[in-house]
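This is data-v9.cif (mmCIF, C-alpha atoms).
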```
data_run
#
loop_
_atom_site.label_atom_id
_atom_site.label_comp_id
_atom_site.auth_asym_id
_atom_site.auth_seq_id
_atom_site.Cartn_x
_atom_site.Cartn_y
_atom_site.Cartn_z
CA MET A 22 -52.87 16.78 19.44
CA GLN A 23 -49.61 15.80 21.15
CA THR A 24 -47.63 17.24 18.25
CA ALA A 25 -49.53 20.53 18.36
CA LEU A 26 -49.07 20.83 22.14
CA ALA A 27 -45.36 20.09 21.89
CA ILE A 28 -44.90 22.76 19.22
CA LEU A 29 -46.96 25.32 21.17
CA ALA A 30 -45.08 24.60 24.41
CA ALA A 31 -41.77 24.98 22.59
CA TYR A 32 -42.84 28.31 21.10
CA LEU A 33 -43.94 29.64 24.51
CA LEU A 34 -40.67 28.49 26.09
CA GLY A 35 -38.76 30.22 23.33
CA SER A 36 -40.75 33.39 24.01
CA VAL A 37 -39.39 33.68 27.56
CA PRO A 38 -37.19 36.84 27.39
CA PHE A 39 -34.11 36.12 29.49
CA ALA A 40 -32.54 39.45 28.51
CA MET A 41 -35.46 41.22 30.21
CA ILE A 42 -35.41 38.87 33.20
CA SER A 43 -31.67 39.22 33.82
CA SER A 44 -31.85 42.99 33.39
CA LYS A 45 -34.55 43.20 36.05
CA VAL A 46 -32.65 40.86 38.39
CA PHE A 47 -29.54 43.05 38.18
CA GLY A 48 -31.41 46.37 38.18
CA LEU A 49 -30.43 47.32 34.63
CA ALA A 50 -32.24 49.36 32.02
CA ASP A 51 -34.43 47.64 29.44
CA PRO A 52 -31.92 46.29 26.85
CA ARG A 53 -34.23 47.48 24.10
CA THR A 54 -33.43 51.09 25.07
CA TYR A 55 -29.68 51.10 24.38
CA GLY A 56 -27.01 49.72 22.07
CA SER A 57 -28.52 47.73 19.23
CA GLY A 58 -31.88 47.60 21.01
CA ASN A 59 -31.75 43.83 20.79
CA PRO A 60 -32.95 41.78 23.80
CA GLY A 61 -30.00 39.40 23.71
CA ALA A 62 -26.79 38.60 25.58
CA THR A 63 -24.43 40.69 23.44
CA ASN A 64 -26.51 43.81 23.93
CA VAL A 65 -26.95 43.18 27.66
CA LEU A 66 -23.15 42.98 27.84
CA ARG A 67 -23.08 46.59 26.63
CA SER A 68 -24.58 47.55 30.00
CA GLY A 69 -21.22 46.62 31.51
CA ASN A 70 -22.76 43.86 33.63
CA LYS A 71 -21.10 40.59 32.62
CA LYS A 72 -23.18 38.53 35.06
CA ALA A 73 -26.42 39.74 33.51
CA ALA A 74 -25.09 39.00 30.02
CA LEU A 75 -24.00 35.51 31.10
CA MET A 76 -27.41 34.83 32.67
CA THR A 77 -29.05 35.91 29.41
CA LEU A 78 -26.73 33.75 27.32
CA ILE A 79 -27.26 30.65 29.45
CA GLY A 80 -31.02 31.16 29.72
CA ASP A 81 -31.49 31.65 25.98
CA ALA A 82 -29.33 28.63 25.16
CA LEU A 83 -30.99 26.42 27.76
CA LYS A 84 -34.51 27.06 26.54
CA GLY A 85 -33.47 25.90 23.07
CA ALA A 86 -31.77 22.80 24.44
CA VAL A 87 -34.53 21.94 26.93
CA ALA A 88 -37.28 22.08 24.30
CA VAL A 89 -35.42 19.63 22.05
CA ILE A 90 -34.31 17.31 24.87
CA VAL A 91 -37.84 17.05 26.29
CA ALA A 92 -39.19 16.24 22.82
CA GLN A 93 -36.53 13.56 22.45
CA GLN A 94 -37.29 12.09 25.87
CA MET A 95 -40.99 11.95 25.01
CA GLY A 96 -40.11 9.66 22.13
CA LEU A 97 -41.50 11.99 19.47
CA SER A 98 -40.59 11.36 15.85
CA ASP A 99 -37.59 13.04 14.24
CA THR A 100 -39.96 15.21 12.22
CA VAL A 101 -41.78 16.47 15.33
CA ILE A 102 -38.48 17.04 17.14
CA ALA A 103 -37.35 19.12 14.17
CA LEU A 104 -40.59 21.15 14.35
CA VAL A 105 -40.13 21.64 18.10
CA ALA A 106 -36.58 22.88 17.47
CA LEU A 107 -37.91 25.36 14.93
CA ALA A 108 -40.76 26.46 17.22
CA VAL A 109 -38.54 27.28 20.21
CA PHE A 110 -36.19 29.22 17.94
CA LEU A 111 -39.05 31.20 16.35
CA GLY A 112 -40.41 31.84 19.83
CA HIS A 113 -37.19 33.65 20.68
CA LEU A 114 -37.21 35.63 17.43
CA TYR A 115 -40.92 36.51 17.64
CA PRO A 116 -41.93 36.21 21.32
CA ILE A 117 -45.56 36.65 22.21
CA PHE A 118 -44.47 38.24 25.53
CA LEU A 119 -42.60 41.07 23.75
CA LYS A 120 -45.16 41.79 21.03
CA PHE A 121 -43.28 39.51 18.62
CA LYS A 122 -40.10 41.63 18.71
CA GLY A 123 -37.39 39.37 20.07
CA GLY A 124 -33.69 38.68 19.88
CA LYS A 125 -31.57 37.48 17.01
CA GLY A 126 -31.50 33.87 18.15
CA VAL A 127 -27.79 33.07 18.30
CA ALA A 128 -27.77 31.57 21.82
CA THR A 129 -31.09 29.78 21.34
CA ALA A 130 -29.92 28.32 18.04
CA ALA A 131 -26.74 27.12 19.77
CA GLY A 132 -28.81 25.36 22.42
CA VAL A 133 -31.00 23.76 19.78
CA LEU A 134 -28.02 22.52 17.76
CA LEU A 135 -26.22 21.13 20.81
CA ALA A 136 -29.35 19.17 21.76
CA LEU A 137 -30.02 17.93 18.22
CA ASP A 138 -26.41 16.84 17.71
CA PRO A 139 -23.66 17.78 20.22
CA VAL A 140 -20.90 17.39 17.61
CA LEU A 141 -22.70 19.67 15.16
CA GLY A 142 -23.46 22.16 17.95
CA LEU A 143 -19.85 22.24 19.11
CA ALA A 144 -18.57 22.65 15.54
CA VAL A 145 -20.86 25.64 14.94
CA ALA A 146 -20.12 27.13 18.38
CA GLY A 147 -16.42 26.71 17.71
CA THR A 148 -16.83 28.59 14.44
CA TRP A 149 -18.56 31.44 16.28
CA LEU A 150 -15.90 31.56 18.99
CA LEU A 151 -13.02 31.60 16.53
CA VAL A 152 -14.48 34.40 14.39
CA ALA A 153 -15.54 36.40 17.48
CA TYR A 154 -12.07 36.05 19.03
CA VAL A 155 -10.30 37.15 15.85
CA SER A 156 -12.66 39.92 14.75
CA ARG A 157 -14.29 41.02 18.05
CA TYR A 158 -17.56 41.30 16.14
CA SER A 159 -20.36 39.15 17.57
CA SER A 160 -22.53 39.79 14.52
CA LEU A 161 -19.86 38.72 12.04
CA ALA A 162 -19.25 35.56 14.07
CA ALA A 163 -22.98 34.82 14.07
CA LEU A 164 -23.26 35.35 10.32
CA ILE A 165 -20.36 33.05 9.48
CA ALA A 166 -21.52 30.39 11.96
CA ALA A 167 -25.07 30.59 10.58
CA ALA A 168 -23.80 30.11 7.03
CA ALA A 169 -21.53 27.25 8.10
CA ALA A 170 -24.15 25.37 10.15
CA PRO A 171 -26.21 23.87 7.28
CA VAL A 172 -23.03 23.01 5.35
CA ILE A 173 -21.65 21.13 8.35
CA ALA A 174 -25.04 19.44 8.89
CA VAL A 175 -25.18 18.22 5.28
CA LEU A 176 -21.63 16.90 5.46
CA MET A 177 -22.46 15.05 8.68
CA HIS A 178 -25.97 13.77 8.00
CA GLY A 179 -26.94 14.42 4.39
CA ALA A 180 -30.45 15.64 3.55
CA THR A 181 -32.62 15.03 6.63
CA ASN A 182 -35.38 16.90 8.48
CA GLN A 183 -32.73 17.98 10.96
CA THR A 184 -30.57 19.41 8.19
CA ILE A 185 -33.54 21.30 6.78
CA VAL A 186 -34.23 22.85 10.20
CA VAL A 187 -30.57 23.79 10.57
CA GLY A 188 -30.78 25.48 7.17
CA ILE A 189 -33.90 27.42 8.18
CA LEU A 190 -32.25 28.49 11.43
CA GLY A 191 -29.20 29.65 9.51
CA MET A 192 -31.23 31.68 7.00
CA ALA A 193 -33.34 33.22 9.77
CA LEU A 194 -30.24 34.20 11.73
CA ILE A 195 -28.73 35.89 8.70
CA GLY A 196 -32.01 37.68 8.03
CA LYS A 197 -32.21 38.96 11.61
CA HIS A 198 -28.67 40.35 11.24
CA TRP A 199 -29.45 42.43 8.15
CA GLN A 200 -28.88 45.74 9.95
CA ASN A 201 -25.64 44.37 11.38
CA ILE A 202 -24.51 43.50 7.85
CA GLN A 203 -25.15 47.09 6.80
CA ARG A 204 -23.22 48.45 9.79
CA LEU A 205 -20.34 46.04 9.18
CA MET A 206 -20.09 47.19 5.58
CA ALA A 207 -20.15 50.81 6.72
CA GLY A 208 -17.55 50.22 9.44
CA GLN A 209 -20.02 51.27 12.12
CA GLU A 210 -20.66 47.97 13.92
CA SER A 211 -19.93 47.85 17.67
CA LYS A 212 -17.36 45.35 18.86
CA ILE A 213 -17.84 42.86 21.70
CA GLY A 214 -17.58 44.56 25.08
CA SER A 215 -18.24 48.09 23.83
CA LYS A 216 -20.35 50.09 26.29
CA LYS A 217 -23.90 51.23 25.67
CA LYS A 218 -24.57 54.62 24.12
#
```

Once you've parsed the file, please lay out its structure as structure tokens.
Amino acid sequence: MQTALAILAAYLLGSVPFAMISSKVFGLADPRTYGSGNPGATNVLRSGNKKAALMTLIGDALKGAVAVIVAQQMGLSDTVIALVALAVFLGHLYPIFLKFKGGKGVATAAGVLLALDPVLGLAVAGTWLLVAYVSRYSSLAALIAAAAAPVIAVLMHGATNQTIVVGILGMALIGKHWQNIQRLMAGQESKIGSKKK
């Protein structure tokens, strides 16, 4: 029962849409109505409001980290903590509060990884930052970081439940960026900081 409640609570926390909350706080349009239509920090940034984008980024990352940290503090097993990490991430991707149409999970995944293993989280975040800085494409940075995450996890920890979850997160992130992949290949992807259309 405790395991089921922990997983459910993590999913509901992951479902909290910080892109929608920050947009309302700053009087912005629904982020699903412009840019990529994605309720995430990068798309909120296209509104031109950096504070709203930052609030979205921090909120989405924190919910991932908080879910994992609470599970750890409760003394749950590594397997349950891994399931909680997956549940909060899936809550962001498929939130019950937005009819299961959520964001792409980059910030939430970062929060999860930092809580599971700060060194792993920082390595993956560093990968994202480097690619984003060089290319100016958030999606490309996310794709490369997502592909690198399970490789780094295996090198650090070998085959563990945590590594399996990191692999699932990575595959899910890549899957959620399928349209971005198509736009990147066509040379039509928007760069970081580009305004909404």

Checklist line | Picked residues, the PyMOL selection byres ((chain A and resi 215) around 12), expected as a PyMOL selection string | finding: chain A and resi 55-57+63-71+157-159+210-214+216-218

Next item on the list: Please evaluate the PyMOL selection byres ((chain A and resi 92-103) around 12) against the displayed coordinates and give the resulting residues as number ranges by chain.
Entry: A: 22-31, 85-91, 104-110, 133-134, 136-138, 181-190

Find the smallest box with edges along x, y and z containing every listed atom of range 36-45 of chain A, then add 4 Å on each side and report centre and edge lengths in Å to one decimal, as JSON.
```
{"center_x": -36.2, "center_y": 38.3, "center_z": 30.0, "size_x": 17.1, "size_y": 17.8, "size_z": 20.0}
```

Next item on the list: Give the answer as one residue: which of A:Pro52, A:Ala166, A:Leu161, A:Lys45 has the shortest atom-to-atom distance to Thr148 in chain A, using only C-alpha atoms?
Entry: A:Ala166

Check: Quick one: of A:Gly191, A:Gly142, A:Asp51, A:Ile117, who's nearest to Ala168 in chain A, counting all atoms listed in the file?
Finding: A:Gly191

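For the atom pair formed by CA of Ala163 in chain A and CA of Phe47 in chain A, the distance is 26.3 Å, given to one decimal.
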
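If you look at CA of Val172 in chain A and CA of Lys84 in chain A, they are 24.4 Å away from each other.
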
Next item on the list: For the structure shown, which residues end up in the PyMOL selection byres ((chain A and resi 202) around 12)? Put them as a list in words, please?
Entry: Tyr158, Ser159, Ser160, Leu161, Ala162, Ala163, Leu164, Ile165, Leu194, Ile195, Gly196, Lys197, His198, Trp199, Gln200, Asn201, Gln203, Arg204, Leu205, Met206, Ala207, Gly208, Gln209, Glu210 and Ser211 of chain A

Item checked: Computed interatomic separation between CA of Ala144 in chain A and CA of Met41 in chain A (Å) ->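 So the answer is 29.1 Å.
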